[in-house]
Amino acid sequence: MPPSVTASLLRKLNAVSHSTGVKMFLILTLALLPLGLIALAASLQAIRTTDLEKEALLRVAVTQSARKLSADLASDRTALLLTANAFATSGADPAMCARLSVFLASHDRGGGRYYIHDRSGRRLCGSPLPEPAGLSLSDRFDDAAAQLLPDSPYLVSRARSANGAVVAIAYYSRGYLEAMTNPAGSSQNRQISLHQGRRSLLITRPASFAGGHSTTLSARLDPPDIVLTMTVRDPPVTIARMLSLFLPLVMWFAAAAIGWFVVNRLLIRPLVLLRRTVAAYQPGEVLEPMRRIRTPAQEIVALGNTFREISEDVATHEAEMAESLETQRKLTREVHHRVKNNLQIIASLINLHARSAHDAEAVEAYATIQRRVDALSVVHRNHYAELEEHRGVGVRSLISELSASLRGTAPAEARRFGIQIDSDNLHISQDVAVPVAFLLTELVELAMLSNPRTAMRISVQLEPGRTDRAVLHILSPALRGSPDMTARLEERYGRVLTGLSRQLRAPLDHDPETGDYAIVITVLE
């Protein structure tokens, strides 16, 4: 962060910390803080007691569900074991199979199935529905009393006969397990699952169970390797519940805030509005702070009236200064107008003298002087035109008018000398415009004298990445390097161009092969 921004932030924090409203608010807050902390501790203790009671109820529920499921599995396994032993000793008995079906059907409320197989895999007895997949022939005679099949999904309970020749298997569906493990009066946000090693079987999961905090407890079934897990999602944190939890703190804060609001509304806020009104004051305006401020404090009303009287005096003085400034502006405009007229009169007198001269050298000398006076007149005329907008002299209009003037005063053999202009919409100050106009006059005259039948291209473009500098290019085949050009430069034009480049505070670059003169000028942003 910049040092200026840090310093400004520190000043604002210092001003806020030393305000009367903040001091009063802190005093009331500290005075009422002990009472708020005592009430908050009591609320937290009540919430902690409620959480412990909820966990105890969940523990009772999961223990009851585990015992109930274990009892049903043990009862069904006993019936399966008796049937398997009978089939192993005396062969399959349809009557006993029917009794087993009736017994299991009285317990099953979710579509459970049972099957009895011998070692060869032949079914001796079973439900009419097809046996679920998941158990191979060798797995059916496994030693485990119960097994989870999460892919089916079923809980398998098996009972093998004493001689190991027959095995009875019962498949308990998810619906049956849900009916067995869901205690009476269970809430809708309860999730129950069975776990056996890395295997797990989700029995019930409410649709609104995702997300939030929850409490999980487990209980082991009679088969020692199966665990029943019950998870209850905590009720969502609502605004009402948070308000009841932090009600003591809310009351503590409200008591301090009410006292601060009264002082702030009646005293501090009117003073702040008065300060903002005075800070936004512009010279010449009449302050009326009490139109926006409503306060019973008569001292603040009197202070606002004092500011209004002071602003009235300042507005009167500002009006007098504005009138004086307008008079001065009119005088300046008149001076510029007279200078422009005087330059035009001088140009006209030079033109009259040039017409009366008979010597060719004198005519050329008059023309040379007239071109310089015209260049200065063009600059002053453009400066006078831009005086109202204060944008400086327009480069494009300056070059265009100067080119027209130079072609009008050119020698007869150079009247068709073409000048092409390519310029951005730029503006320059008068201090830059004068040497630029003289520089263009010198180079155009030099080109006309060197080769009057050619043309010239004048361009002014911003430098890449800059908005305050531009490059002025004067390109013409007549400005290419030659003995005649060298002689003219050494005779007069070289010294003049060097002096003008010094006024522009930039070097004047010349490419003799292309005839390009280039110089950097300062433009107004």
# chains A, B, ... in the order shown; residues from 1 in each chain; ligands from 1
>>> select_by_dssp(residues="region 358-517 of chain A", states="alpha helix (DSSP H)", output="PyMOL selection string")
chain A and resi 360-385+395-408+430-450+483-488+494-503
>>> write_last_selection(atoms="C-alpha atoms", output="PDB file, in the first residue's frame")
ATOM      1  CA  ALA A 360      15.111  41.080 -58.679  1.00  0.00           C
ATOM      2  CA  GLU A 361      17.202  40.751 -55.514  1.00  0.00           C
ATOM      3  CA  ALA A 362      15.153  43.432 -53.768  1.00  0.00           C
ATOM      4  CA  VAL A 363      11.897  41.731 -54.782  1.00  0.00           C
ATOM      5  CA  GLU A 364      13.207  38.414 -53.456  1.00  0.00           C
ATOM      6  CA  ALA A 365      14.326  40.082 -50.229  1.00  0.00           C
ATOM      7  CA  TYR A 366      10.887  41.666 -49.760  1.00  0.00           C
ATOM      8  CA  ALA A 367       9.252  38.273 -50.433  1.00  0.00           C
ATOM      9  CA  THR A 368      11.508  36.588 -47.920  1.00  0.00           C
ATOM     10  CA  ILE A 369      10.684  39.156 -45.235  1.00  0.00           C
ATOM     11  CA  GLN A 370       6.977  38.974 -46.050  1.00  0.00           C
ATOM     12  CA  ARG A 371       6.939  35.197 -45.676  1.00  0.00           C
ATOM     13  CA  ARG A 372       8.406  35.504 -42.165  1.00  0.00           C
ATOM     14  CA  VAL A 373       5.906  38.188 -41.189  1.00  0.00           C
ATOM     15  CA  ASP A 374       3.075  36.086 -42.619  1.00  0.00           C
ATOM     16  CA  ALA A 375       4.266  33.095 -40.592  1.00  0.00           C
ATOM     17  CA  LEU A 376       4.190  35.145 -37.395  1.00  0.00           C
ATOM     18  CA  SER A 377       0.794  36.559 -38.354  1.00  0.00           C
ATOM     19  CA  VAL A 378      -0.604  33.055 -38.942  1.00  0.00           C
ATOM     20  CA  VAL A 379       0.593  31.937 -35.506  1.00  0.00           C
ATOM     21  CA  HIS A 380      -0.906  34.961 -33.810  1.00  0.00           C
ATOM     22  CA  ARG A 381      -4.184  34.640 -35.695  1.00  0.00           C
ATOM     23  CA  ASN A 382      -4.556  30.972 -34.681  1.00  0.00           C
ATOM     24  CA  HIS A 383      -3.619  31.808 -31.115  1.00  0.00           C
ATOM     25  CA  TYR A 384      -6.246  34.524 -31.062  1.00  0.00           C
ATOM     26  CA  ALA A 385      -8.868  32.082 -32.440  1.00  0.00           C
ATOM     27  CA  VAL A 395      -1.329  22.241 -35.370  1.00  0.00           C
ATOM     28  CA  ARG A 396      -3.395  21.174 -38.379  1.00  0.00           C
ATOM     29  CA  SER A 397      -5.000  24.587 -38.948  1.00  0.00           C
ATOM     30  CA  LEU A 398      -1.648  26.335 -38.399  1.00  0.00           C
ATOM     31  CA  ILE A 399       0.154  24.228 -41.021  1.00  0.00           C
ATOM     32  CA  SER A 400      -2.740  24.472 -43.494  1.00  0.00           C
ATOM     33  CA  GLU A 401      -2.991  28.256 -43.299  1.00  0.00           C
ATOM     34  CA  LEU A 402       0.792  28.664 -43.358  1.00  0.00           C
ATOM     35  CA  SER A 403       1.076  26.409 -46.445  1.00  0.00           C
ATOM     36  CA  ALA A 404      -1.565  28.438 -48.272  1.00  0.00           C
ATOM     37  CA  SER A 405       0.256  31.669 -47.405  1.00  0.00           C
ATOM     38  CA  LEU A 406       3.626  30.286 -48.563  1.00  0.00           C
ATOM     39  CA  ARG A 407       2.196  29.120 -51.885  1.00  0.00           C
ATOM     40  CA  GLY A 408       0.611  32.557 -52.387  1.00  0.00           C
ATOM     41  CA  GLN A 430       2.383  29.871 -28.655  1.00  0.00           C
ATOM     42  CA  ASP A 431       6.010  29.464 -27.539  1.00  0.00           C
ATOM     43  CA  VAL A 432       6.195  26.286 -29.653  1.00  0.00           C
ATOM     44  CA  ALA A 433       4.005  27.538 -32.499  1.00  0.00           C
ATOM     45  CA  VAL A 434       6.270  30.486 -33.387  1.00  0.00           C
ATOM     46  CA  PRO A 435       9.510  28.498 -33.965  1.00  0.00           C
ATOM     47  CA  VAL A 436       7.532  25.721 -35.715  1.00  0.00           C
ATOM     48  CA  ALA A 437       6.020  28.274 -38.119  1.00  0.00           C
ATOM     49  CA  PHE A 438       9.439  29.822 -38.842  1.00  0.00           C
ATOM     50  CA  LEU A 439      10.984  26.337 -39.248  1.00  0.00           C
ATOM     51  CA  LEU A 440       8.345  25.362 -41.806  1.00  0.00           C
ATOM     52  CA  THR A 441       8.787  28.688 -43.619  1.00  0.00           C
ATOM     53  CA  GLU A 442      12.552  28.238 -43.870  1.00  0.00           C
ATOM     54  CA  LEU A 443      12.323  24.634 -45.116  1.00  0.00           C
ATOM     55  CA  VAL A 444       9.509  25.338 -47.615  1.00  0.00           C
ATOM     56  CA  GLU A 445      11.429  28.332 -49.000  1.00  0.00           C
ATOM     57  CA  LEU A 446      14.609  26.236 -49.174  1.00  0.00           C
ATOM     58  CA  ALA A 447      12.752  23.474 -51.051  1.00  0.00           C
ATOM     59  CA  MET A 448      11.132  25.981 -53.461  1.00  0.00           C
ATOM     60  CA  LEU A 449      14.505  27.517 -54.279  1.00  0.00           C
ATOM     61  CA  SER A 450      16.204  24.118 -54.697  1.00  0.00           C
ATOM     62  CA  PRO A 483      26.223  20.500 -53.432  1.00  0.00           C
ATOM     63  CA  ASP A 484      23.650  23.223 -54.076  1.00  0.00           C
ATOM     64  CA  MET A 485      21.765  22.285 -50.893  1.00  0.00           C
ATOM     65  CA  THR A 486      24.989  22.287 -48.884  1.00  0.00           C
ATOM     66  CA  ALA A 487      25.879  25.732 -50.179  1.00  0.00           C
ATOM     67  CA  ARG A 488      22.472  27.171 -49.264  1.00  0.00           C
ATOM     68  CA  GLY A 494      21.734  26.171 -41.676  1.00  0.00           C
ATOM     69  CA  ARG A 495      22.279  28.795 -38.977  1.00  0.00           C
ATOM     70  CA  VAL A 496      18.573  29.731 -38.930  1.00  0.00           C
ATOM     71  CA  LEU A 497      17.448  26.096 -38.661  1.00  0.00           C
ATOM     72  CA  THR A 498      19.914  25.441 -35.847  1.00  0.00           C
ATOM     73  CA  GLY A 499      18.646  28.470 -33.930  1.00  0.00           C
ATOM     74  CA  LEU A 500      15.022  27.408 -34.339  1.00  0.00           C
ATOM     75  CA  SER A 501      15.788  23.845 -33.163  1.00  0.00           C
ATOM     76  CA  ARG A 502      17.388  25.324 -30.050  1.00  0.00           C
ATOM     77  CA  GLN A 503      14.222  27.294 -29.377  1.00  0.00           C
TER      78      GLN A 503
END
>>> residues_around(residues="region 100-107 of chain A", least_positions_apart="2", cutoff="8 Å", atoms="only C-alpha atoms", output="list in words")
Asp72, Asp76, Ala79, Leu80, Thr83, Met96, Cys97, Ala98, Arg109, Gly126 and Ser127 of chain A
>>> atom_distance(atom1="CA of Ser214 (chain A)", atom2="CA of Ala56 (chain A)")
14.3 Å
>>> closest_residue(among="A:Thr467, A:Asn425, A:Thr181, A:Asn451", to="Gly515 (chain A)", atoms="only C-alpha atoms")
A:Asn451
>>> select_by_dssp(residues="region 97-238 of chain A", states="strand (DSSP E)", output="number ranges by chain")
A: 113-118, 123-126, 146-149, 154-160, 166-172, 190-196, 199-204, 214-220, 227-233
>>> atom_distance(atom1="CA of Ala315 (chain A)", atom2="CA of Ala280 (chain A)")
14.7 Å
>>> residues_around(residues="Ala71 (chain A)", least_positions_apart="4", cutoff="12 Å", atoms="only C-alpha atoms", output="ChimeraX atom specification")
/A:64-67,75-78,107,180-181,221-223
